[in-house]
>>> print(open('coords_20.txt').read())   # compact mmCIF, C-alpha atoms
# COMPACT_ATOMS: atom_id res chain seq x y z
CA MET S 1 203.67 154.48 9.93
CA SER S 2 204.23 154.76 6.19
CA THR S 3 203.10 152.18 3.65
CA LEU S 4 206.71 151.16 3.09
CA GLU S 5 207.22 150.60 6.82
CA ILE S 6 204.02 148.58 7.08
CA ASN S 7 205.06 146.54 4.05
CA ALA S 8 208.48 145.79 5.54
CA GLU S 9 207.00 144.87 8.91
CA VAL S 10 204.34 142.56 7.48
CA ASN S 11 206.80 140.94 5.07
CA ALA S 12 209.10 140.16 7.99
CA LYS S 13 206.17 138.60 9.85
CA LEU S 14 205.22 136.57 6.76
CA ASP S 15 208.78 135.28 6.48
CA HIS S 16 208.66 134.25 10.14
CA ILE S 17 205.48 132.24 9.54
CA ARG S 18 206.94 130.61 6.44
CA SER S 19 209.98 129.50 8.44
CA ILE S 20 207.78 127.92 11.13
CA LEU S 21 205.66 126.15 8.52
CA ALA S 22 208.72 124.91 6.65
CA GLN S 23 210.24 123.55 9.83
CA GLU S 24 207.14 121.49 10.65
CA LEU S 25 205.83 120.59 7.21
CA THR S 26 208.89 119.47 5.31
CA GLY S 27 208.63 115.69 5.27
CA LYS S 28 207.48 115.23 8.86
CA GLY S 29 203.78 114.46 8.46
CA ASP S 30 201.22 114.28 11.27
CA VAL S 31 200.55 118.01 10.93
CA CYS S 32 197.14 119.65 10.48
CA LEU S 33 195.72 123.15 10.24
CA THR S 34 192.28 124.19 11.48
CA CYS S 35 190.50 126.68 9.26
CA SER S 36 187.28 128.53 10.06
CA PHE S 37 187.64 130.40 6.75
CA GLN S 38 187.99 133.67 8.59
CA ALA S 39 190.79 135.97 7.41
CA GLU S 40 193.56 134.75 9.73
CA ASP S 41 192.95 131.10 8.98
CA VAL S 42 192.71 131.61 5.24
CA LEU S 43 195.98 133.57 5.26
CA LEU S 44 197.70 130.81 7.23
CA THR S 45 196.23 128.19 4.91
CA LYS S 46 197.55 130.02 1.85
CA LEU S 47 201.04 130.13 3.32
CA ALA S 48 200.91 126.48 4.40
CA ILE S 49 199.82 125.01 1.08
CA ALA S 50 202.63 126.88 -0.66
CA ILE S 51 204.97 124.58 1.29
CA ASP S 52 202.84 121.43 1.44
CA PRO S 53 199.73 121.44 -0.79
CA ARG S 54 198.44 118.26 0.89
CA ILE S 55 198.47 119.46 4.49
CA PRO S 56 195.15 118.39 6.09
CA ILE S 57 192.86 121.39 6.51
CA LEU S 58 190.23 120.75 9.20
CA PHE S 59 186.92 122.62 9.14
CA LEU S 60 184.35 122.28 11.91
CA ASP S 61 181.12 121.76 9.98
CA THR S 62 178.61 122.46 12.74
CA GLY S 63 175.65 122.64 10.37
CA TYR S 64 174.88 126.11 11.70
CA HIS S 65 177.27 128.20 9.62
CA PHE S 66 176.17 131.09 7.42
CA LYS S 67 175.38 130.05 3.86
CA GLU S 68 178.04 132.58 2.82
CA THR S 69 180.61 130.67 4.86
CA TYR S 70 179.77 127.38 3.14
CA THR S 71 179.85 128.99 -0.31
CA TYR S 72 183.19 130.66 0.42
CA ARG S 73 184.65 127.46 1.89
CA ASP S 74 183.73 125.49 -1.22
CA LYS S 75 185.11 128.18 -3.53
CA ILE S 76 188.47 128.43 -1.76
CA ALA S 77 188.76 124.64 -1.36
CA SER S 78 188.15 124.14 -5.07
CA GLU S 79 190.32 126.97 -6.37
CA TRP S 80 193.23 126.21 -4.05
CA GLY S 81 192.92 122.41 -4.23
CA LEU S 82 192.72 122.05 -0.46
CA ASN S 83 193.03 118.70 1.26
CA LEU S 84 189.91 119.62 3.23
CA THR S 85 188.28 117.51 5.92
CA ASN S 86 184.88 118.63 7.18
CA LEU S 87 184.61 117.47 10.79
CA LEU S 88 181.02 116.54 11.59
CA PRO S 89 179.33 116.17 15.00
CA ALA S 90 177.91 112.80 16.06
CA LYS S 91 174.37 114.07 15.53
CA THR S 92 172.94 116.07 12.65
CA VAL S 93 171.33 119.43 13.40
CA ALA S 94 167.89 117.84 13.05
CA GLU S 95 168.76 114.98 15.41
CA GLN S 96 170.22 117.30 18.03
CA GLU S 97 167.28 119.69 17.90
CA ALA S 98 164.80 116.81 18.12
CA GLU S 99 166.52 115.58 21.27
CA PHE S 100 167.54 118.80 23.01
CA GLY S 101 165.74 121.66 21.27
CA LEU S 102 167.71 124.77 20.35
CA LEU S 103 170.80 124.27 22.47
CA TYR S 104 172.44 127.38 21.06
CA GLN S 105 169.73 129.30 22.93
CA SER S 106 169.26 127.18 26.06
CA ALA S 107 172.79 125.84 26.62
CA PRO S 108 175.36 127.31 24.22
CA ASP S 109 178.28 125.63 26.01
CA LYS S 110 176.72 122.23 25.44
CA CYS S 111 175.96 123.06 21.81
CA CYS S 112 179.58 124.09 21.19
CA GLY S 113 180.77 121.01 23.05
CA LEU S 114 178.77 118.64 20.85
CA ARG S 115 179.27 120.38 17.53
CA LYS S 116 182.79 121.81 17.85
CA VAL S 117 184.85 120.57 20.78
CA GLU S 118 184.17 116.83 20.57
CA PRO S 119 184.68 116.47 16.80
CA LEU S 120 187.87 118.55 16.82
CA PHE S 121 189.51 116.93 19.83
CA LYS S 122 188.75 113.49 18.40
CA ALA S 123 190.45 114.47 15.12
CA LEU S 124 193.43 116.20 16.75
CA ALA S 125 194.36 113.03 18.63
CA GLY S 126 195.69 111.69 15.32
CA TYR S 127 198.17 114.53 14.78
CA ARG S 128 201.50 115.62 16.23
CA VAL S 129 201.19 119.33 15.36
CA TRP S 130 198.16 121.61 15.19
CA PHE S 131 198.42 124.95 13.36
CA THR S 132 195.84 127.60 14.24
CA GLY S 133 195.27 131.20 13.15
CA LEU S 134 194.62 132.48 16.69
CA ARG S 135 195.79 135.99 17.59
CA LYS S 136 196.17 137.67 20.98
CA GLU S 137 194.37 140.78 19.79
CA GLN S 138 191.18 138.85 19.00
CA ALA S 139 189.95 138.70 22.60
CA LYS S 140 190.99 139.34 26.20
CA SER S 141 190.67 135.59 26.78
CA ARG S 142 193.56 135.13 24.32
CA ALA S 143 195.94 137.66 25.85
CA ALA S 144 198.24 134.93 27.17
CA LEU S 145 198.33 133.04 23.87
CA GLU S 146 201.72 131.55 23.09
CA GLU S 147 203.07 131.02 19.61
CA ARG S 148 204.19 127.51 20.57
CA ALA S 149 202.74 125.37 23.36
CA LEU S 150 201.79 121.79 24.16
CA PHE S 151 198.02 121.31 24.27
CA THR S 152 196.52 118.49 26.34
CA LEU S 153 193.51 116.70 24.86
CA PRO S 154 190.98 114.65 26.83
CA GLY S 155 192.66 111.41 27.86
CA GLY S 156 196.05 113.09 28.24
CA VAL S 157 197.26 113.02 24.64
CA GLN S 158 199.32 116.09 23.84
CA VAL S 159 199.60 117.91 20.53
CA LEU S 160 201.98 120.76 19.72
CA LYS S 161 199.76 123.79 19.13
CA LEU S 162 201.33 126.46 16.93
CA ALA S 163 199.81 129.94 16.57
CA PRO S 164 202.29 131.78 14.32
CA LEU S 165 199.97 134.80 13.98
CA ALA S 166 199.76 135.26 17.76
CA GLU S 167 201.36 138.72 17.72
CA TRP S 168 199.65 139.92 14.53
CA THR S 169 197.25 142.85 14.49
CA THR S 170 194.06 143.02 12.45
CA ARG S 171 195.80 145.57 10.24
CA ASP S 172 198.61 143.09 9.59
CA VAL S 173 196.16 140.37 8.56
CA TRP S 174 194.17 142.55 6.19
CA TYR S 175 197.28 144.08 4.68
CA ALA S 176 198.86 140.66 4.08
CA CYS S 177 195.67 139.28 2.54
CA GLU S 178 195.55 142.26 0.19
CA GLN S 179 199.21 141.88 -0.76
CA LEU S 180 198.75 138.15 -1.46
CA ALA S 181 195.49 138.72 -3.37
CA ILE S 182 193.50 136.55 -0.97
CA PRO S 183 189.73 137.08 -1.32
CA LEU S 184 187.96 137.29 2.03
CA LEU S 185 184.65 136.03 3.36
CA PRO S 186 181.98 138.49 2.12
CA LEU S 187 180.42 138.70 5.60
CA TYR S 188 183.19 141.13 6.61
CA GLU S 189 181.73 143.64 4.17
CA ARG S 190 178.46 143.49 6.12
CA GLY S 191 180.15 144.54 9.36
CA TYR S 192 180.92 141.20 10.99
CA SER S 193 184.33 141.00 12.64
CA SER S 194 184.32 137.53 14.24
CA ILE S 195 182.30 134.93 12.38
CA GLY S 196 181.07 131.61 13.73
CA CYS S 197 177.72 129.84 13.63
CA GLU S 198 174.93 132.03 12.27
CA PRO S 199 172.56 131.79 15.29
CA CYS S 200 175.36 132.87 17.63
CA THR S 201 176.98 135.61 15.51
CA SER S 202 175.92 139.23 15.17
CA ILE S 203 177.47 142.56 14.29
CA PRO S 204 179.83 143.50 17.17
CA THR S 205 178.19 145.58 19.89
CA ASP S 206 181.53 147.06 21.02
CA PRO S 207 183.70 148.50 18.23
CA ASN S 208 186.76 147.87 20.38
CA ASP S 209 185.94 144.19 20.90
CA PRO S 210 185.77 142.17 17.66
CA ARG S 211 184.22 139.19 19.47
CA SER S 212 181.44 141.19 21.15
CA GLY S 213 179.07 139.92 18.50
CA ARG S 214 179.52 136.29 19.52
CA TRP S 215 176.99 134.40 21.67
CA ALA S 216 175.14 137.64 22.51
CA GLY S 217 177.72 138.34 25.19
CA ARG S 218 176.92 135.13 27.13
CA LYS S 219 180.46 133.79 26.66
CA VAL S 220 183.63 134.52 24.68
CA GLU S 221 185.05 131.11 23.71
CA CYS S 222 183.48 128.01 22.19
CA GLY S 223 185.83 125.70 24.10
CA ILE S 224 188.16 124.32 21.43
CA HIS S 225 191.05 126.40 22.74
CA ILE S 226 190.53 125.37 26.35
CA GLU S 227 192.60 122.41 27.49
CA ALA S 228 191.09 119.38 29.15
CA ALA S 229 191.48 119.29 32.93
CA ARG S 230 194.65 117.49 33.88
>>> encode(input="coords_20.txt", output="structure tokens")
Amino acid sequence: MSTLEINAEVNAKLDHIRSILAQELTGKGDVCLTCSFQAEDVLLTKLAIAIDPRIPILFLDTGYHFKETYTYRDKIASEWGLNLTNLLPAKTVAEQEAEFGLLYQSAPDKCCGLRKVEPLFKALAGYRVWFTGLRKEQAKSRAALEERALFTLPGGVQVLKLAPLAEWTTRDVWYACEQLAIPLLPLYERGYSSIGCEPCTSIPTDPNDPRSGRWAGRKVECGIHIEAAR
């Protein structure tokens, strides 16, 4: 595919995202966007704030992120004027480790539950629409991802979950970020392809699986994209 063809294809996809954002953001309120400050989320954030600069941007501050992630988050939040909310777990890292030890080693599901799932689901209960940068290509566990679907939170509350980049490829994301002059998290330059908490993130072991560097292969999802049992 030529550069012109790629450009046309990505521009059409960008226009599609802008139309979805405009439909939900224009004067309706109760809309949020979760941002891990990975490429997809930063791209979606850039497009969203062009329509509504005050859209709430939710970041899961687990306390275990790379220092590079925190530095990049603060830089982007400042330069773009983000309406950023850092969602914190009930316990600090020190409190959790004093009580349970290193859960990311002994019980990673519990660690993710306490530091990611609980804070996010509590926050999402206050919104009508949840925008996320998820893509099908990111993992086999996301192959059935829908662009638009109702998501059931614990307690039965439902939020409309929108994943407008669902059909995007990694090439699309990187090309769009380059075209829009979006600086990316420096960890990509070191070979990371899927970036979460530092203790649970490594260089991918399988070049064909961008999430093979997460949780040392013990699991593939942290739990925030898994609905509560009905």
>>> atom_distance(input="coords_20.txt", atom1="CA of Lys161 in chain S", atom2="CA of Ser202 in chain S")
28.7 Å
>>> closest_residue(input="coords_20.txt", among="S:Pro56, S:Pro119, S:Pro164, S:Gly63", to="Leu44 in chain S", atoms="all atoms listed in the file")
S:Pro164
>>> atom_distance(input="coords_20.txt", atom1="CA of His65 in chain S", atom2="CA of Leu165 in chain S")
24.0 Å
>>> atom_distance(input="coords_20.txt", atom1="CA of Ile195 in chain S", atom2="CA of Thr45 in chain S")
17.2 Å
>>> residues_around(input="coords_20.txt", residues="Leu187 in chain S", least_positions_apart="4", cutoff="9 Å", atoms="all atoms listed in the file", output="PyMOL selection string")
chain S and resi 66+68-69+191-193+195
>>> write_last_selection(input="coords_20.txt", atoms="C-alpha atoms", output="PDB file, keeping the file's coordinate frame")
ATOM      1  CA  PHE S  66     176.170 131.090   7.420  1.00  0.00           C
ATOM      2  CA  GLU S  68     178.040 132.580   2.820  1.00  0.00           C
ATOM      3  CA  THR S  69     180.610 130.670   4.860  1.00  0.00           C
ATOM      4  CA  GLY S 191     180.150 144.540   9.360  1.00  0.00           C
ATOM      5  CA  TYR S 192     180.920 141.200  10.990  1.00  0.00           C
ATOM      6  CA  SER S 193     184.330 141.000  12.640  1.00  0.00           C
ATOM      7  CA  ILE S 195     182.300 134.930  12.380  1.00  0.00           C
TER       8      ILE S 195
END
>>> residues_around(input="coords_20.txt", residues="Leu87 in chain S", least_positions_apart="3", cutoff="8 Å", atoms="all atoms listed in the file", output="PyMOL selection string")
chain S and resi 58-61+119-120+123
>>> closest_residue(input="coords_20.txt", among="S:Tyr72, S:Cys111, S:Leu162, S:Cys200", to="Gln23 in chain S", atoms="all atoms listed in the file")
S:Leu162
>>> closest_residue(input="coords_20.txt", among="S:Leu134, S:Val129, S:Leu88, S:Val117", to="Val157 in chain S", atoms="all atoms listed in the file")
S:Val129
>>> residues_around(input="coords_20.txt", residues="Glu118 in chain S", least_positions_apart="4", cutoff="10 Å", atoms="all atoms listed in the file", output="PyMOL selection string")
chain S and resi 87-90+112-114+122-123+154+223-224
>>> axis_aligned_box(input="coords_20.txt", around="range 94-98 of chain S", padding_each_side="5 Å", output="JSON")
{"center_x": 167.5, "center_y": 117.3, "center_z": 15.6, "size_x": 15.4, "size_y": 14.7, "size_z": 15.1}
>>> closest_residue(input="coords_20.txt", among="S:Asn83, S:Ile76, S:Phe37, S:Glu189", to="Arg54 in chain S", atoms="all atoms listed in the file")
S:Asn83
>>> closest_residue(input="coords_20.txt", among="S:Ala22, S:Val159, S:Ile49, S:Leu185", to="Tyr70 in chain S", atoms="only C-alpha atoms")
S:Leu185
>>> residues_around(input="coords_20.txt", residues="Thr26 in chain S", least_positions_apart="2", cutoff="12 Å", atoms="all atoms listed in the file", output="ChimeraX atom specification")
/S:18-24,28-31,48-55
>>> closest_residue(input="coords_20.txt", among="S:Gln138, S:Thr152, S:Ser194, S:Thr201", to="Trp168 in chain S", atoms="all atoms listed in the file")
S:Gln138
>>> residues_around(input="coords_20.txt", residues="range 93-95 of chain S", least_positions_apart="2", cutoff="8 Å", atoms="all atoms listed in the file", output="PDB file with C-alpha atoms, in the coordinates of the input")
ATOM      1  CA  THR S  62     178.610 122.460  12.740  1.00  0.00           C
ATOM      2  CA  GLY S  63     175.650 122.640  10.370  1.00  0.00           C
ATOM      3  CA  TYR S  64     174.880 126.110  11.700  1.00  0.00           C
ATOM      4  CA  LYS S  91     174.370 114.070  15.530  1.00  0.00           C
ATOM      5  CA  GLU S  97     167.280 119.690  17.900  1.00  0.00           C
ATOM      6  CA  ALA S  98     164.800 116.810  18.120  1.00  0.00           C
ATOM      7  CA  GLU S  99     166.520 115.580  21.270  1.00  0.00           C
TER       8      GLU S  99
END
